[in-house]
Amino acid sequence: MLGSRVRTHRVRGRGGLTAMTAVALGGALVLAGCGGGGGDKKSSDKSKVEVFSWWTGPGEADGLAAMKADFEKNNPGTTFENAAIAGGSGTQAKAVLASRLQNRKPPDSFQGHAGAELLDYIKAGQIEPLNSFYDDNGMTKVYPKQLLDQISYQGKIYSVPVNIHRSNMLWYSPAVLKAAGIAGPPKTVAEFVADLKQVQAKTKKVPLSLGAQWTADHLLESVLLGDLGADGYNALWKPGADWSGPQVTKALGDFAEIMKYTSVEAASTDWQGASKAVVDGKAAFNIMGDWAYGYFIGSAPNGLGKKLGTDFNYAASPGTDGTYLWLSDSFTLPKGAPHRAGALAWLKEAGSKQGQDLFNPKKGSIPARTDADKSLYTGYLSYALQQWTNPSTKLAGSMWHGVVANNKWHTDIDTAVGLFLQSKDAAKLQKALADAAKNDAQ
Ligand code: GAL
């Protein structure tokens, strides 16, 4: 099913062939110790596994807890140490991880996004290839080929994907839209701007809720996709891409306009605060990945216990219907993992059908494996599965969540957006983004 899209996927992500070919042709890169641990001692300690992620908050922690419980049942002699560090999209966790890896104090397994982000760890020689693990567990055939491309380098597979998330989702409050006299969710960026204006004019609600700075980065990728379309967006991440043209000018102008309707008060809250404002009827719209769905429908104390169709509804973010702006959480085997055998047991859990079917319905994502039990994915998630597996759906890789931009590019975009939040100057933003593309594309 998904395999049918392999042909077209290669230009759409970053960690796959495009980036790899560029590196191979450049010939400048010597990969230290990429052959499977090099001289590192390989621990056979299975007494424990320290699993590093950023899933601490309401919503995402529940999926992890479900998989952890199954892991403990399957591995009674192994203590699961949850080393999650708070901060949506890994804003804090990634910095801590970088310093642990630098100091050769890796956790036993850490969360990394498929694509360019993972490629950074691979190129730095920080993680082990997992080909024999895949062979031993019969896993190569249960993942879509184009996803394996995004976690592979020079023929070796480097992580275990647990899910597929969709970044370009618009969550909205039916009640607030009604109060504003808006019939349904906006289909284009232009309609979106008009609706935001209308919410502001007709209600006292927040038109578009936003949280910490990274949620503006997240919004930016959806606006770029909405204005440029999948092909135009995908082209931005290729080496030599020009960010200084009129289409990007238009998209950044729209981004600047949309930002006028966001709530300044919410800037100190993370994504949960911003998404919650919609289901509480305090804001009309929020653009957030589908982890918001897990949070909305999850039961208390972490989840909000809200009802799809009544308390909230969803649509693809304006102008992006038919394109899956995707990302995938995967787990790795760091070189020098102190409890390597424990880590392999964890990777087995994360790669299993059972583990993924326990994790994803709570997390608000669909399984990375192709053989999941479809009946478990209801409401929004049945739509997500249908979209992901529909051969006519276009794919685009998330910038903010690691698919198309490496860690340095990601940081430079964040810096540009941070400056824009102060200056509100879209021309300066474009110049900074064009410079980042020139400096960071590989
Ligand atoms: C993404 C991650 C998701 C979710 C989200 C918000 O980067 O892939 O699983 O955790 O951040 O924290």
# chains A, B, ... in the order shown; residues from 1 in each chain; ligands from 1
>>> closest_atom_pairs(of="chain A", to="ligand 1", cutoff="8 Å", atoms="only C-alpha atoms and all ligand atoms", output="CSV")
residue,atom,partner,partner_atom_place_in_ligand_line,distance
A:Trp54,CA,ligand 1,10 (O),6.3
A:Trp55,CA,ligand 1,10 (O),5.7
A:Gly57,CA,ligand 1,12 (O),7.9
A:Glu60,CA,ligand 1,10 (O),6.1
A:Gly87,CA,ligand 1,12 (O),6.6
A:Gly88,CA,ligand 1,12 (O),3.4
A:Ser89,CA,ligand 1,11 (O),3.2
A:Gly90,CA,ligand 1,7 (O),6.1
A:His113,CA,ligand 1,8 (O),6.5
A:His165,CA,ligand 1,8 (O),7.0
A:Trp271,CA,ligand 1,6 (C),7.1
A:Gly289,CA,ligand 1,5 (C),7.1
A:Trp291,CA,ligand 1,4 (C),5.9
A:Leu327,CA,ligand 1,8 (O),6.6
A:Ser328,CA,ligand 1,8 (O),6.3
A:Asp329,CA,ligand 1,8 (O),5.2
A:Lys363,CA,ligand 1,9 (O),7.6
A:Trp400,CA,ligand 1,7 (O),7.4
A:His401,CA,ligand 1,7 (O),4.7
A:Gly402,CA,ligand 1,7 (O),7.5
>>> select_by_dssp(residues="stretch 120-188 of chain A", states="helix (DSSP H, G or I)", output="PyMOL selection string")
chain A and resi 120-123+131-136+140-142+145-150+174-180
>>> residues_around(residues="A:Ala426", least_positions_apart="4", cutoff="7 Å", atoms="only C-alpha atoms", output="short mmCIF file (atom, residue, chain, number, x, y, z; two decimals) with N, CA, C and O atoms, in the first residue's frame")
data_model
loop_
_atom_site.label_atom_id
_atom_site.label_comp_id
_atom_site.auth_asym_id
_atom_site.auth_seq_id
_atom_site.Cartn_x
_atom_site.Cartn_y
_atom_site.Cartn_z
N LEU A 252 5.47 34.67 3.54
CA LEU A 252 5.91 35.30 4.79
C LEU A 252 5.07 36.52 5.12
O LEU A 252 4.85 36.84 6.30
N GLY A 253 4.57 37.18 4.08
CA GLY A 253 3.62 38.29 4.32
C GLY A 253 2.36 37.75 4.98
O GLY A 253 1.83 38.35 5.94
N ALA A 256 3.10 36.90 8.57
CA ALA A 256 3.13 38.13 9.40
C ALA A 256 1.71 38.59 9.70
O ALA A 256 1.40 39.01 10.82
N GLN A 430 12.62 37.04 5.69
CA GLN A 430 12.92 36.36 4.43
C GLN A 430 14.44 36.33 4.18
O GLN A 430 14.99 35.31 3.76
#
>>> residues_around(residues="A:Ala284", least_positions_apart="6", cutoff="6 Å", atoms="only C-alpha atoms", output="list of chain:residue names")
A:Tyr172, A:Ser173, A:Val176, A:Pro207, A:Val278
>>> write_last_selection(atoms="all heavy atoms", output="PDB file, in the first residue's frame")
ATOM      1  N   TYR A 172     -10.222  23.476  15.532  1.00  0.00           N
ATOM      2  CA  TYR A 172     -11.070  24.659  15.712  1.00  0.00           C
ATOM      3  C   TYR A 172     -12.249  24.374  16.636  1.00  0.00           C
ATOM      4  O   TYR A 172     -12.640  23.230  16.848  1.00  0.00           O
ATOM      5  CB  TYR A 172     -11.538  25.214  14.360  1.00  0.00           C
ATOM      6  CG  TYR A 172     -12.402  24.300  13.531  1.00  0.00           C
ATOM      7  CD1 TYR A 172     -13.798  24.353  13.615  1.00  0.00           C
ATOM      8  CD2 TYR A 172     -11.840  23.384  12.639  1.00  0.00           C
ATOM      9  CE1 TYR A 172     -14.603  23.536  12.832  1.00  0.00           C
ATOM     10  CE2 TYR A 172     -12.630  22.556  11.857  1.00  0.00           C
ATOM     11  CZ  TYR A 172     -14.009  22.630  11.953  1.00  0.00           C
ATOM     12  OH  TYR A 172     -14.807  21.817  11.187  1.00  0.00           O
ATOM     13  N   SER A 173     -12.777  25.484  17.164  1.00  0.00           N
ATOM     14  CA  SER A 173     -13.921  25.393  18.058  1.00  0.00           C
ATOM     15  C   SER A 173     -15.187  25.653  17.256  1.00  0.00           C
ATOM     16  O   SER A 173     -15.408  26.779  16.783  1.00  0.00           O
ATOM     17  CB  SER A 173     -13.796  26.450  19.173  1.00  0.00           C
ATOM     18  OG  SER A 173     -15.066  26.690  19.735  1.00  0.00           O
ATOM     19  N   VAL A 176     -17.097  28.690  18.641  1.00  0.00           N
ATOM     20  CA  VAL A 176     -16.558  30.036  18.363  1.00  0.00           C
ATOM     21  C   VAL A 176     -16.772  30.394  16.885  1.00  0.00           C
ATOM     22  O   VAL A 176     -17.127  31.538  16.563  1.00  0.00           O
ATOM     23  CB  VAL A 176     -15.068  30.145  18.761  1.00  0.00           C
ATOM     24  CG1 VAL A 176     -14.504  31.511  18.410  1.00  0.00           C
ATOM     25  CG2 VAL A 176     -14.883  29.869  20.255  1.00  0.00           C
ATOM     26  N   PRO A 207      -8.480  34.756  18.111  1.00  0.00           N
ATOM     27  CA  PRO A 207      -8.631  34.141  16.785  1.00  0.00           C
ATOM     28  C   PRO A 207      -7.756  32.895  16.603  1.00  0.00           C
ATOM     29  O   PRO A 207      -8.230  31.849  16.172  1.00  0.00           O
ATOM     30  CB  PRO A 207      -8.233  35.265  15.826  1.00  0.00           C
ATOM     31  CG  PRO A 207      -8.493  36.531  16.601  1.00  0.00           C
ATOM     32  CD  PRO A 207      -8.165  36.201  18.034  1.00  0.00           C
ATOM     33  N   VAL A 278      -8.625  26.129  22.429  1.00  0.00           N
ATOM     34  CA  VAL A 278      -9.654  25.831  21.418  1.00  0.00           C
ATOM     35  C   VAL A 278     -10.756  24.953  22.011  1.00  0.00           C
ATOM     36  O   VAL A 278     -11.946  25.267  21.901  1.00  0.00           O
ATOM     37  CB  VAL A 278      -9.012  25.152  20.174  1.00  0.00           C
ATOM     38  CG1 VAL A 278     -10.070  24.534  19.281  1.00  0.00           C
ATOM     39  CG2 VAL A 278      -8.194  26.170  19.397  1.00  0.00           C
TER      40      VAL A 278
END
>>> atom_distance(atom1="atom CA of A:Gly125", atom2="atom CA of A:Leu97")
14.5 Å
